[in-house]
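*Asks:* Attaching a single structure in structure tokens format; questions to follow.
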Amino acid sequence: MLRAAGVGVGDEVVVPAFGNVEIAEAVTLAGALPVFADIDPVTYCLNPGAVEAAVTPRTAAVVVVHRFGRHADIARLHALGSRHGLLVLEQGESEAPYDEIAQRRERAAYLDAKLKGVRTPDGGDGHTYQQYVVRVPGNGRPDRDAFARAVRAKGVECRVPVKTPVHRLPEFRRCVSLPETELAADETLALPVDASLTKREMQRVVSACNALGGLLQPAF
């Protein structure tokens, strides 16, 4: 898509550093330079203000990634693209069938109501919960990793959605300030909300997580 639009050598493309190394790789393969912008801490998608701050005379495009079932503020990003003459490309996630989305939302609502000591996701703007991502706030040590190990030990599957932001990887290392990206990489944990989970399994998720409240600061 970038090549077809004429993006190439000498151009810059604004991309997120929170996951999706393939996006930065695609920009490089097109001959352009990936430039990383920070994310919105609620949606985990590109922050339009951060994107605008990253725009230079060489910027040719922005690649927007919709994340975890939440959509980026695409209206503001398209308006930004129009103001600066930039191509705005979107990468979405494969959507689950409607019935499955409804079941995921039901399980997410259950976790929203029951979980303590973690920050539950904001469910606005039609969240489809491709992943149910909580924040495990730190106390000066890597609490998220300790929390994940303890939860797994109780038989609950969980995963760190983004282990290393792209701007920290050796091949794309940049000296750039991305505070929300860094914080999200350190704090986020995806808990299961699959449509196949039974009520008993959901209760186990809550029990395992809430038993670890002593590891955490109170959620605000």
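Residues in the structure tokens are numbered from 1 in each chain, the chains being A, B, ... in the order shown, and ligands are numbered from 1 in the order shown.
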Please report, as CSV, each residue of region 89-165 of chain A lying at most 10 Å from region 61-69 of chain A, together with the nearest pair of atoms and the separation in Å rounded to one decimal; use only C-alpha atoms, and order rows by chain and ascending residue number.
*Replies:*
residue,atom,partner,partner_atom,distance
A:Leu89,CA,A:Val63,CA,4.8
A:Glu90,CA,A:Val64,CA,4.7
A:Gln91,CA,A:Val65,CA,4.8
A:Gly92,CA,A:His66,CA,5.1
A:Glu93,CA,A:His66,CA,6.8
A:Ser94,CA,A:Gly69,CA,9.4
A:Glu95,CA,A:Gly69,CA,8.3
A:Ala96,CA,A:Gly69,CA,9.9
A:Ile101,CA,A:Gly69,CA,9.7
A:Gly123,CA,A:Gly69,CA,9.4
A:Asp125,CA,A:Gly69,CA,9.6
A:Gly126,CA,A:Gly69,CA,8.1
A:His127,CA,A:Gly69,CA,5.2
A:Thr128,CA,A:Gly69,CA,4.6
A:Tyr129,CA,A:Gly69,CA,4.9
A:Gln130,CA,A:Gly69,CA,4.8
A:Gln131,CA,A:Phe68,CA,4.9
A:Tyr132,CA,A:Phe68,CA,7.3
A:Val133,CA,A:Phe68,CA,7.6
A:Pro161,CA,A:Phe68,CA,9.2
*Asks:* Quick one: write out the picked residues with C-alpha atoms as a PDB file, in the first residue's frame?
*Replies:*
ATOM      1  CA  LEU A  89      -3.577   4.076   6.292  1.00  0.00           C
ATOM      2  CA  GLU A  90      -5.416   1.881   8.778  1.00  0.00           C
ATOM      3  CA  GLN A  91      -4.644  -1.617  10.009  1.00  0.00           C
ATOM      4  CA  GLY A  92      -7.447  -3.314  11.887  1.00  0.00           C
ATOM      5  CA  GLU A  93      -7.824  -6.601  13.686  1.00  0.00           C
ATOM      6  CA  SER A  94      -9.817  -9.492  12.280  1.00  0.00           C
ATOM      7  CA  GLU A  95     -13.270  -9.101  13.759  1.00  0.00           C
ATOM      8  CA  ALA A  96     -14.933 -12.014  15.521  1.00  0.00           C
ATOM      9  CA  ILE A 101     -18.291 -10.277  20.378  1.00  0.00           C
ATOM     10  CA  GLY A 123     -15.187   0.044  27.211  1.00  0.00           C
ATOM     11  CA  ASP A 125     -16.543   3.452  21.393  1.00  0.00           C
ATOM     12  CA  GLY A 126     -17.823  -0.031  20.663  1.00  0.00           C
ATOM     13  CA  HIS A 127     -15.005  -2.022  22.284  1.00  0.00           C
ATOM     14  CA  THR A 128     -15.092  -5.599  20.928  1.00  0.00           C
ATOM     15  CA  TYR A 129     -12.562  -6.961  23.467  1.00  0.00           C
ATOM     16  CA  GLN A 130     -10.310  -8.776  21.027  1.00  0.00           C
ATOM     17  CA  GLN A 131      -8.160  -8.653  24.150  1.00  0.00           C
ATOM     18  CA  TYR A 132      -9.182  -7.658  27.678  1.00  0.00           C
ATOM     19  CA  VAL A 133      -6.198  -5.574  28.720  1.00  0.00           C
ATOM     20  CA  PRO A 161       0.437  -8.007  24.899  1.00  0.00           C
TER      21      PRO A 161
END
*Asks:* Name the residues in contact with Ala208 (chain A) at a cut-off of 8 Å, using only C-alpha atoms, excluding same-chain residues fewer than 2 positions from it; report them as JSON, numbers by chain.
*Replies:* {"A": [151, 154, 156, 204, 205, 206, 210, 211, 212]}
*Asks:* Could you take the residues named above and write them with C-alpha atoms, as an mmCIF file, in the first residue's frame?
*Replies:*
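And here is the file that came out, again.cif:
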data_model
loop_
_atom_site.group_PDB
_atom_site.id
_atom_site.type_symbol
_atom_site.label_atom_id
_atom_site.label_comp_id
_atom_site.auth_asym_id
_atom_site.auth_seq_id
_atom_site.Cartn_x
_atom_site.Cartn_y
_atom_site.Cartn_z
ATOM 1 C CA VAL A 151 -1.935 -15.679 38.154
ATOM 2 C CA LYS A 154 -3.260 -20.446 39.795
ATOM 3 C CA VAL A 156 -5.284 -18.690 34.675
ATOM 4 C CA ARG A 204 -11.291 -18.419 38.784
ATOM 5 C CA VAL A 205 -9.843 -15.444 36.883
ATOM 6 C CA VAL A 206 -11.366 -13.016 39.385
ATOM 7 C CA ASN A 210 -8.088 -10.369 43.508
ATOM 8 C CA ALA A 211 -6.009 -12.602 45.776
ATOM 9 C CA LEU A 212 -2.953 -10.609 44.642
#
*Asks:* Measuring between only C-alpha atoms, which one of A:Pro179, A:Pro165, A:Pro137, A:Gly49 shows the shortest distance to Pro16 (chain A)?
*Replies:*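 With only C-alpha atoms as the atom set, the closest residue is A:Pro165.
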*Asks:* Which one is closest to Val14 (chain A): A:Arg58, A:Arg135, A:Arg107, A:Arg152? Count only C-alpha atoms.
*Replies:*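 Closest residue, counting only C-alpha atoms: A:Arg58.
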*Asks:* For each of A:Leu33, A:Gly8, A:Ile23, A:Val51, take the minimum atom-to-atom distance to Leu178 (chain A), counting only C-alpha atoms, then give the residue where this is smallest.
*Replies:* A:Val51
*Asks:* May I ask which of the residues A:Val136, A:Leu169, A:Met1, A:Met202 is the closest one to Lys114 (chain A), counting only C-alpha atoms?
*Replies:*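 Under the stated criterion, the closest residue is A:Met202.
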*Asks:* If you run DSSP on this backbone, which residues of region 123-168 of chain A come out as strand (DSSP E), and could you give them as a list in words?
*Replies:*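 Going through region 123-168 of chain A, the strand (DSSP E) residues come out as Tyr132, Val133, Val134 and Arg135 of chain A.
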*Asks:* Set the distance at 9 Å and use only C-alpha atoms: which residues neighbour Val7 (chain A) once local chain neighbours fewer than 2 positions away are removed? I'd like the list as a VMD selection string.
*Replies:* chain A and resid 1 to 5 9 to 13 27 30 to 32 60 to 61
*Asks:* Using only C-alpha atoms for the distances, tell me which of A:Glu182, A:Arg83, A:Ile74, A:Glu171 is nearest to Asp38 (chain A).
*Replies:*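 Distance minimum relative to Asp38 (chain A) lands on A:Glu182.
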*Asks:* Which of these residues is nearest to Leu191 (chain A), using only C-alpha atoms: A:Thr120, A:Gln103, A:Thr28, A:Thr59?
*Replies:*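 The closest residue to Leu191 (chain A) is A:Thr120.
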*Asks:* List the spatial neighbours of Ala17 (chain A) as a ChimeraX atom specification - criterion: any atom at most 9 Å away, only C-alpha atoms, same-chain residues fewer than 3 positions off excluded.
*Replies:* /A:20-21,24,35-39,164-168,178,181
*Asks:* One decimal, Å: what's the distance from CA of Asp99 (chain A) over to CA of Arg159 (chain A), could you say?
*Replies:* 24.1 Å
*Asks:* Among the residues of chain A, find those DSSP assigns to helix (DSSP H, G or I) from the backbone and print them as a ChimeraX atom specification.
*Replies:* /A:21-29,48-54,74-84,98-114,143-153,166-168,170-172,179-187,199-210,213-215
*Asks:* Neighbours of Glu100 (chain A) within 9 Å (only C-alpha atoms; same-chain residues fewer than 3 positions away dropped), as a list in words?
*Replies:* Ala96, Pro97, Gln103, Arg104, Arg105, Asp194, Ala195 and Ser196 of chain A
